[in-house]
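As stored in structure06.csv (CSV, C-alpha atoms (C1' of nucleotides)):
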chain,number,residue,atom,x,y,z
J,202,MET,CA,-22.0,11.4,6.3
J,203,SER,CA,-22.1,12.0,2.6
J,204,LYS,CA,-19.8,10.6,-0.1
J,205,THR,CA,-18.2,13.9,-0.9
J,206,GLN,CA,-17.6,14.5,2.7
J,207,ILE,CA,-15.7,11.3,3.2
J,208,ASN,CA,-13.7,11.9,0.0
J,209,GLN,CA,-12.8,15.4,1.1
J,210,ILE,CA,-11.7,14.2,4.5
J,211,HIS,CA,-9.3,11.5,3.4
J,212,ASN,CA,-7.9,13.8,0.7
J,213,SER,CA,-7.4,16.6,3.3
J,214,ILE,CA,-4.9,14.6,5.4
J,215,ASN,CA,-1.6,16.4,5.3
J,216,ARG,CA,1.0,13.8,4.6
J,217,VAL,CA,3.8,15.8,6.0
J,218,VAL,CA,2.1,15.7,9.4
J,219,HIS,CA,0.6,12.3,9.0
J,220,GLU,CA,3.7,10.2,9.9
J,221,PRO,CA,4.1,8.9,13.4
J,222,VAL,CA,7.6,10.1,14.0
J,223,ARG,CA,6.7,13.6,12.7
J,224,LEU,CA,3.5,13.6,14.7
J,225,ALA,CA,5.5,12.8,17.7
J,226,ILE,CA,8.0,15.6,16.9
J,227,LEU,CA,5.3,18.1,16.5
J,228,LYS,CA,3.6,17.0,19.6
J,229,ILE,CA,6.8,17.5,21.6
J,230,LEU,CA,7.4,20.9,20.0
J,231,THR,CA,3.9,22.2,20.8
J,232,SER,CA,4.7,21.8,24.5
J,233,ALA,CA,8.5,22.3,24.8
J,234,LYS,CA,9.4,25.6,23.2
J,235,GLU,CA,12.8,24.4,22.1
J,236,VAL,CA,14.5,21.0,21.9
J,237,ASP,CA,17.7,19.7,20.4
J,238,PHE,CA,18.7,16.9,18.1
J,239,ASN,CA,19.9,14.6,20.8
J,240,PHE,CA,16.7,15.1,22.9
J,241,LEU,CA,14.6,14.0,19.9
J,242,LEU,CA,16.9,11.2,19.2
J,243,THR,CA,16.7,9.6,22.6
J,244,THR,CA,13.0,10.5,23.1
J,245,LEU,CA,11.9,9.0,19.8
J,246,GLY,CA,14.3,6.1,19.8
J,247,VAL,CA,14.9,6.3,16.0
J,248,THR,CA,18.2,6.3,14.1
J,249,LYS,CA,20.0,9.6,13.4
J,250,GLY,CA,19.6,9.4,9.7
J,251,ASN,CA,15.9,8.7,10.0
J,252,LEU,CA,15.5,11.6,12.4
J,253,ALA,CA,17.4,14.0,10.1
J,254,THR,CA,15.2,13.2,7.2
J,255,HIS,CA,12.0,13.8,9.2
J,256,ILE,CA,13.4,17.0,10.4
J,257,ASN,CA,14.3,18.1,6.9
J,258,LYS,CA,10.7,17.4,5.8
J,259,LEU,CA,9.3,19.4,8.6
J,260,GLU,CA,11.7,22.3,7.9
J,261,ALA,CA,11.0,22.2,4.1
J,262,ALA,CA,7.3,22.5,4.8
J,263,GLY,CA,8.0,25.5,7.1
J,264,PHE,CA,6.6,23.7,10.1
J,265,ILE,CA,9.8,24.0,12.3
J,266,GLU,CA,12.8,26.3,12.4
J,267,VAL,CA,16.3,25.1,12.9
J,268,LYS,CA,18.9,26.9,14.9
J,269,LYS,CA,22.6,25.9,14.5
J,270,GLU,CA,25.2,27.2,16.9
J,271,PHE,CA,28.4,26.2,18.6
J,272,ARG,CA,28.5,25.3,22.3
J,273,GLY,CA,32.2,25.7,22.9
J,274,LYS,CA,33.7,23.7,20.1
J,275,ILE,CA,30.7,21.4,19.6
J,276,PRO,CA,28.0,22.1,17.1
J,277,HIS,CA,24.5,22.1,18.5
J,278,THR,CA,21.2,22.1,16.7
J,279,SER,CA,17.8,22.9,18.1
J,280,TYR,CA,14.3,23.2,16.8
J,281,ARG,CA,11.2,25.2,17.4
J,282,ILE,CA,7.7,24.9,15.9
J,283,THR,CA,6.6,27.8,13.7
J,284,LYS,CA,3.3,29.5,13.7
J,285,THR,CA,2.5,27.7,10.4
J,286,GLY,CA,3.5,24.4,12.0
J,287,ARG,CA,1.3,24.9,15.0
J,288,ARG,CA,-1.6,25.9,12.8
J,289,GLN,CA,-1.2,23.0,10.4
J,290,PHE,CA,-0.8,20.5,13.3
J,291,GLN,CA,-4.1,21.8,14.7
J,292,LYS,CA,-5.8,21.7,11.3
J,293,TYR,CA,-4.5,18.2,10.6
J,294,TRP,CA,-6.2,16.9,13.8
J,295,GLU,CA,-9.5,18.6,13.0
J,296,ASN,CA,-9.5,16.9,9.6
J,297,LEU,CA,-8.4,13.6,10.9
J,298,MET,CA,-11.1,13.4,13.5
J,299,GLY,CA,-13.6,13.2,10.7
J,300,LEU,CA,-12.3,9.6,10.2
J,301,ALA,CA,-12.5,8.6,13.9
J,302,PRO,CA,-15.2,6.2,15.1
J,303,GLU,CA,-18.3,7.8,16.5
K,300,MET,CA,4.9,13.0,29.3
K,301,SER,CA,8.0,10.8,29.6
K,302,LYS,CA,10.5,9.8,26.9
K,303,THR,CA,9.5,6.2,27.0
K,304,GLN,CA,5.9,7.1,26.7
K,305,ILE,CA,6.4,9.1,23.5
K,306,ASN,CA,8.5,6.4,22.1
K,307,GLN,CA,5.9,3.7,22.9
K,308,ILE,CA,3.2,5.8,21.3
K,309,HIS,CA,4.7,6.5,17.9
K,310,ASN,CA,5.8,2.9,17.7
K,311,SER,CA,2.4,1.6,18.5
K,312,ILE,CA,0.7,3.2,15.5
K,313,ASN,CA,-0.7,0.4,13.4
K,314,ARG,CA,0.5,1.0,9.8
K,315,VAL,CA,-2.3,-1.0,8.3
K,316,VAL,CA,-4.8,1.3,9.8
K,317,HIS,CA,-2.8,4.5,9.5
K,318,GLU,CA,-3.4,5.2,5.9
K,319,PRO,CA,-6.0,7.8,5.0
K,320,VAL,CA,-7.9,5.6,2.4
K,321,ARG,CA,-7.9,2.6,4.8
K,322,LEU,CA,-9.0,4.8,7.7
K,323,ALA,CA,-11.8,6.0,5.5
K,324,ILE,CA,-12.8,2.4,4.6
K,325,LEU,CA,-12.8,1.4,8.2
K,326,LYS,CA,-14.7,4.4,9.2
K,327,ILE,CA,-17.4,3.6,6.6
K,328,LEU,CA,-17.5,-0.1,7.6
K,329,THR,CA,-18.0,0.7,11.3
K,330,SER,CA,-21.3,2.4,10.5
K,331,ALA,CA,-22.6,0.6,7.4
K,332,LYS,CA,-22.7,-3.1,8.2
K,333,GLU,CA,-22.0,-4.0,4.5
K,334,VAL,CA,-20.8,-2.1,1.4
K,335,ASP,CA,-19.7,-3.1,-2.0
K,336,PHE,CA,-16.7,-2.3,-4.2
K,337,ASN,CA,-18.5,0.3,-6.3
K,338,PHE,CA,-19.8,2.1,-3.3
K,339,LEU,CA,-16.3,2.4,-1.9
K,340,LEU,CA,-15.0,3.4,-5.3
K,341,THR,CA,-17.4,6.3,-5.7
K,342,THR,CA,-17.3,7.3,-2.1
K,343,LEU,CA,-13.6,7.5,-1.8
K,344,GLY,CA,-12.9,8.8,-5.3
K,345,VAL,CA,-9.8,6.6,-5.8
K,346,THR,CA,-8.9,4.4,-8.7
K,347,LYS,CA,-9.9,0.7,-8.9
K,348,GLY,CA,-6.4,-0.6,-8.7
K,349,ASN,CA,-5.7,1.5,-5.7
K,350,LEU,CA,-8.9,0.5,-3.9
K,351,ALA,CA,-8.2,-3.2,-4.6
K,352,THR,CA,-4.8,-3.1,-3.0
K,353,HIS,CA,-6.1,-1.3,0.1
K,354,ILE,CA,-8.8,-3.9,0.4
K,355,ASN,CA,-6.3,-6.7,0.0
K,356,LYS,CA,-4.2,-5.2,2.8
K,357,LEU,CA,-7.2,-4.9,5.1
K,358,GLU,CA,-8.3,-8.5,4.3
K,359,ALA,CA,-4.7,-9.9,4.8
K,360,ALA,CA,-4.7,-8.2,8.2
K,361,GLY,CA,-8.0,-9.9,9.0
K,362,PHE,CA,-9.7,-6.5,9.5
K,363,ILE,CA,-12.4,-7.0,6.9
K,364,GLU,CA,-14.1,-10.0,5.3
K,365,VAL,CA,-14.9,-10.2,1.7
K,366,LYS,CA,-18.0,-11.8,0.3
K,367,LYS,CA,-18.1,-12.7,-3.4
K,368,GLU,CA,-21.3,-13.8,-5.0
K,369,PHE,CA,-23.2,-13.6,-8.3
K,370,ARG,CA,-26.1,-11.3,-8.6
K,371,GLY,CA,-27.8,-12.9,-11.5
K,372,LYS,CA,-24.9,-13.2,-13.9
K,373,ILE,CA,-22.9,-10.3,-12.5
K,374,PRO,CA,-20.2,-10.8,-9.9
K,375,HIS,CA,-20.6,-8.7,-6.8
K,376,THR,CA,-18.2,-8.2,-4.0
K,377,SER,CA,-19.0,-6.8,-0.6
K,378,TYR,CA,-17.2,-6.1,2.6
K,379,ARG,CA,-17.7,-6.1,6.3
K,380,ILE,CA,-15.5,-5.2,9.1
K,381,THR,CA,-14.5,-8.1,11.4
K,382,LYS,CA,-14.4,-8.2,15.2
K,383,THR,CA,-10.7,-7.9,15.0
K,384,GLY,CA,-10.9,-5.0,12.6
K,385,ARG,CA,-13.3,-3.1,14.8
K,386,ARG,CA,-11.1,-3.7,17.8
K,387,GLN,CA,-7.9,-2.7,16.1
K,388,PHE,CA,-9.5,0.4,14.6
K,389,GLN,CA,-10.6,1.4,18.1
K,390,LYS,CA,-7.2,0.7,19.6
K,391,TYR,CA,-5.5,2.6,16.8
K,392,TRP,CA,-7.4,5.7,17.8
K,393,GLU,CA,-6.6,5.3,21.4
K,394,ASN,CA,-2.9,5.1,20.7
K,395,LEU,CA,-3.0,7.9,18.2
K,396,MET,CA,-4.7,10.3,20.5
K,397,GLY,CA,-1.5,10.2,22.6
K,398,LEU,CA,0.0,12.3,19.8
K,399,ALA,CA,-2.8,14.9,19.6
K,400,PRO,CA,-2.3,18.4,20.9
K,401,GLU,CA,-3.4,19.0,24.4
C,40,DA,C1',-22.3,-5.4,-34.1
C,41,DT,C1',-20.1,-2.4,-31.1
C,42,DC,C1',-19.6,0.5,-27.4
C,43,DA,C1',-20.0,1.3,-22.5
C,44,DT,C1',-20.1,-0.7,-17.9
C,45,DT,C1',-19.0,-3.8,-14.1
C,46,DG,C1',-15.7,-5.7,-11.2
C,47,DG,C1',-12.0,-6.3,-10.7
C,48,DT,C1',-6.3,-7.9,-11.6
C,49,DT,C1',-1.8,-7.1,-13.2
C,50,DT,C1',1.9,-4.2,-14.0
C,51,DG,C1',4.7,-0.2,-13.7
C,52,DT,C1',6.4,4.0,-11.4
C,53,DA,C1',7.5,7.3,-8.1
C,54,DT,C1',7.6,8.5,-3.5
C,55,DC,C1',9.5,7.9,0.9
C,56,DA,C1',10.6,5.8,5.6
C,57,DA,C1',14.4,3.7,7.5
C,58,DA,C1',19.0,2.2,8.1
C,59,DA,C1',23.8,2.2,6.9
C,60,DA,C1',27.6,4.6,5.8
C,61,DC,C1',30.1,8.6,5.8
C,62,DT,C1',31.9,13.4,7.3
C,63,DG,C1',34.3,16.5,10.1
C,64,DG,C1',35.4,17.2,13.7
C,65,DT,C1',36.5,16.6,19.4
C,66,DT,C1',37.8,14.0,23.4
C,67,DT,C1',39.9,10.2,25.6
C,68,DT,C1',43.1,6.7,26.0
C,69,DT,C1',47.6,4.6,25.8
H,156,DA,C1',51.7,11.8,19.6
H,157,DA,C1',48.9,8.3,17.6
H,158,DA,C1',45.1,5.8,17.8
H,159,DA,C1',40.6,4.8,19.3
H,160,DA,C1',36.3,6.2,20.4
H,161,DC,C1',32.8,9.5,20.5
H,162,DC,C1',29.7,13.5,18.9
H,163,DA,C1',26.4,15.6,16.0
H,164,DG,C1',24.8,15.3,12.5
H,165,DT,C1',24.5,14.6,6.7
H,166,DT,C1',24.3,11.8,2.6
H,167,DT,C1',23.4,7.6,0.3
H,168,DT,C1',21.1,3.3,-0.4
H,169,DT,C1',17.5,0.1,0.0
H,170,DG,C1',13.1,-1.8,0.5
H,171,DA,C1',8.2,-0.9,0.8
H,172,DT,C1',4.2,0.7,-0.9
H,173,DA,C1',0.7,4.1,-2.5
H,174,DC,C1',-1.1,5.1,-6.7
H,175,DA,C1',-2.4,5.0,-11.5
H,176,DA,C1',-2.6,3.0,-16.1
H,177,DA,C1',-3.6,-0.7,-18.7
H,178,DC,C1',-5.6,-4.8,-19.3
H,179,DC,C1',-9.3,-8.5,-19.1
H,180,DA,C1',-13.6,-11.2,-19.3
H,181,DA,C1',-18.2,-10.9,-19.1
H,182,DT,C1',-22.7,-8.4,-19.5
H,183,DG,C1',-25.9,-4.9,-20.9
H,184,DA,C1',-27.3,-1.1,-23.8
H,185,DT,C1',-28.0,1.1,-28.5

Rendering of file as structure tokens:
Amino acid sequence: MSKTQINQIHNSINRVVHEPVRLAILKILTSAKEVDFNFLLTTLGVTKGNLATHINKLEAAGFIEVKKEFRGKIPHTSYRITKTGRRQFQKYWENLMGLAPE
Amino acid sequence: MSKTQINQIHNSINRVVHEPVRLAILKILTSAKEVDFNFLLTTLGVTKGNLATHINKLEAAGFIEVKKEFRGKIPHTSYRITKTGRRQFQKYWENLMGLAPE
DNA sequence: ATCATTGGTTTGTATCAAAAACTGGTTTTT
DNA sequence: AAAAACCAGTTTTTGATACAAACCAATGAT
């Protein structure tokens, strides 16, 4: 593997995806067409503030879409992965595998 | 995949390894028994300060060993991956793959 | 003599993950 | 009916840390 190849690989890692909590969120969203805040909260075992910021990042990047509604009187937020999100998640893994051991 | 499984996975990601530049360093060191500072510098295309700090992290974690010698009158530093480093690199990938798409 | 190169270290900055604190309610308890 | 506790998040703060710039001490090239 050449120098320029190695360089191109580690520079190609998308930082929005390359964060364990966000990787886990994307992984979940690729298989579960829609999940809500509380599901992610309990599944990931992170704090609410932490989860909210990760979600914001993913939304800002256009990787997930956020739906806010009222269920009775209680607000409810749910998330889906977008086409872009799915594509970028896939692409991230393709790039990353270039750094895996043989 | 269960909630506790997802939680355990994203919490198991070793942050020392999980950094693109350090991933690239470890990748190189798994195939090239010994490399020097300048090789890494040109291969990775990072600044010297940046490279030095990444190397320090890897050394502090016991993942690489650093050999300093004089070649004639010129100092020369080279690096090898340790047993621990190799094992942790492998383990990191096993954990990480739990977050890859199906 | 001086300019570039090697092989770094030190210092400064800007980003960002994570937690804590806060908000605007609703439900429950007393 | 008031207070306490809970829900579903958002905003703010803090602590790390990735990264680059500047520096340094020595050697080698012109």

Restricting the calculation to all atoms listed in the file, which member of K:Arg370, K:Ala399, K:Tyr378, K:Lys347 is positioned closest to Leu224 in chain J?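 Of all the options, K:Ala399 lies closest to Leu224 in chain J.
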
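Taking all atoms listed in the file, the non-local environment of DT168 in chain H within 12 Å (same-chain residues fewer than 2 positions away omitted) comprises Gly250 of chain J; DA57, DA58, DA59 and DA60 of chain C; DT166 and DG170 of chain H.
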
Long-range neighbours of DT67 in chain C as an NGL selection string, 9 Å cut-off, only C-alpha atoms (C1' of nucleotides), 5 positions minimum in chain: :H and (159-161)

Could you turn the residues from that selection into a file that holds C-alpha atoms (C1' of nucleotides), as an mmCIF file, in the coordinates of the input?
data_model
loop_
_atom_site.group_PDB
_atom_site.id
_atom_site.type_symbol
_atom_site.label_atom_id
_atom_site.label_comp_id
_atom_site.auth_asym_id
_atom_site.auth_seq_id
_atom_site.Cartn_x
_atom_site.Cartn_y
_atom_site.Cartn_z
ATOM 1 C "C1'" DA H 159 40.600 4.800 19.300
ATOM 2 C "C1'" DA H 160 36.300 6.200 20.400
ATOM 3 C "C1'" DC H 161 32.800 9.500 20.500
#

Name all residues at most 8 Å from range 172-179 of chain H (count all atoms listed in the file; drop same-chain ones fewer than 4 positions away) and give them as a list in words.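 Within the cut-off, the hits are Thr346, Gly348 and Asn349 of chain K; DT49 of chain C.
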
What is the distance, in Å and to one decimal place, between CA of Ile256 in chain J and CA of Ile226 in chain J? 8.6 Å

Could you tell me which residues of chain K sit within 12 Å of chain C when counting all atoms listed in the file, and give me the result as number ranges by chain? K: 314, 335-338, 340, 346-352, 354-355, 367-370, 372-377

Keeping only C-alpha atoms, take the residues you just selected and write them out as a short mmCIF file (atom, residue, chain, number, x, y, z; two decimals), in the coordinates of the input.
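In the end it all went to again32.cif:
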data_model
loop_
_atom_site.label_atom_id
_atom_site.label_comp_id
_atom_site.auth_asym_id
_atom_site.auth_seq_id
_atom_site.Cartn_x
_atom_site.Cartn_y
_atom_site.Cartn_z
CA ARG K 314 0.50 1.00 9.80
CA ASP K 335 -19.70 -3.10 -2.00
CA PHE K 336 -16.70 -2.30 -4.20
CA ASN K 337 -18.50 0.30 -6.30
CA PHE K 338 -19.80 2.10 -3.30
CA LEU K 340 -15.00 3.40 -5.30
CA THR K 346 -8.90 4.40 -8.70
CA LYS K 347 -9.90 0.70 -8.90
CA GLY K 348 -6.40 -0.60 -8.70
CA ASN K 349 -5.70 1.50 -5.70
CA LEU K 350 -8.90 0.50 -3.90
CA ALA K 351 -8.20 -3.20 -4.60
CA THR K 352 -4.80 -3.10 -3.00
CA ILE K 354 -8.80 -3.90 0.40
CA ASN K 355 -6.30 -6.70 0.00
CA LYS K 367 -18.10 -12.70 -3.40
CA GLU K 368 -21.30 -13.80 -5.00
CA PHE K 369 -23.20 -13.60 -8.30
CA ARG K 370 -26.10 -11.30 -8.60
CA LYS K 372 -24.90 -13.20 -13.90
CA ILE K 373 -22.90 -10.30 -12.50
CA PRO K 374 -20.20 -10.80 -9.90
CA HIS K 375 -20.60 -8.70 -6.80
CA THR K 376 -18.20 -8.20 -4.00
CA SER K 377 -19.00 -6.80 -0.60
#
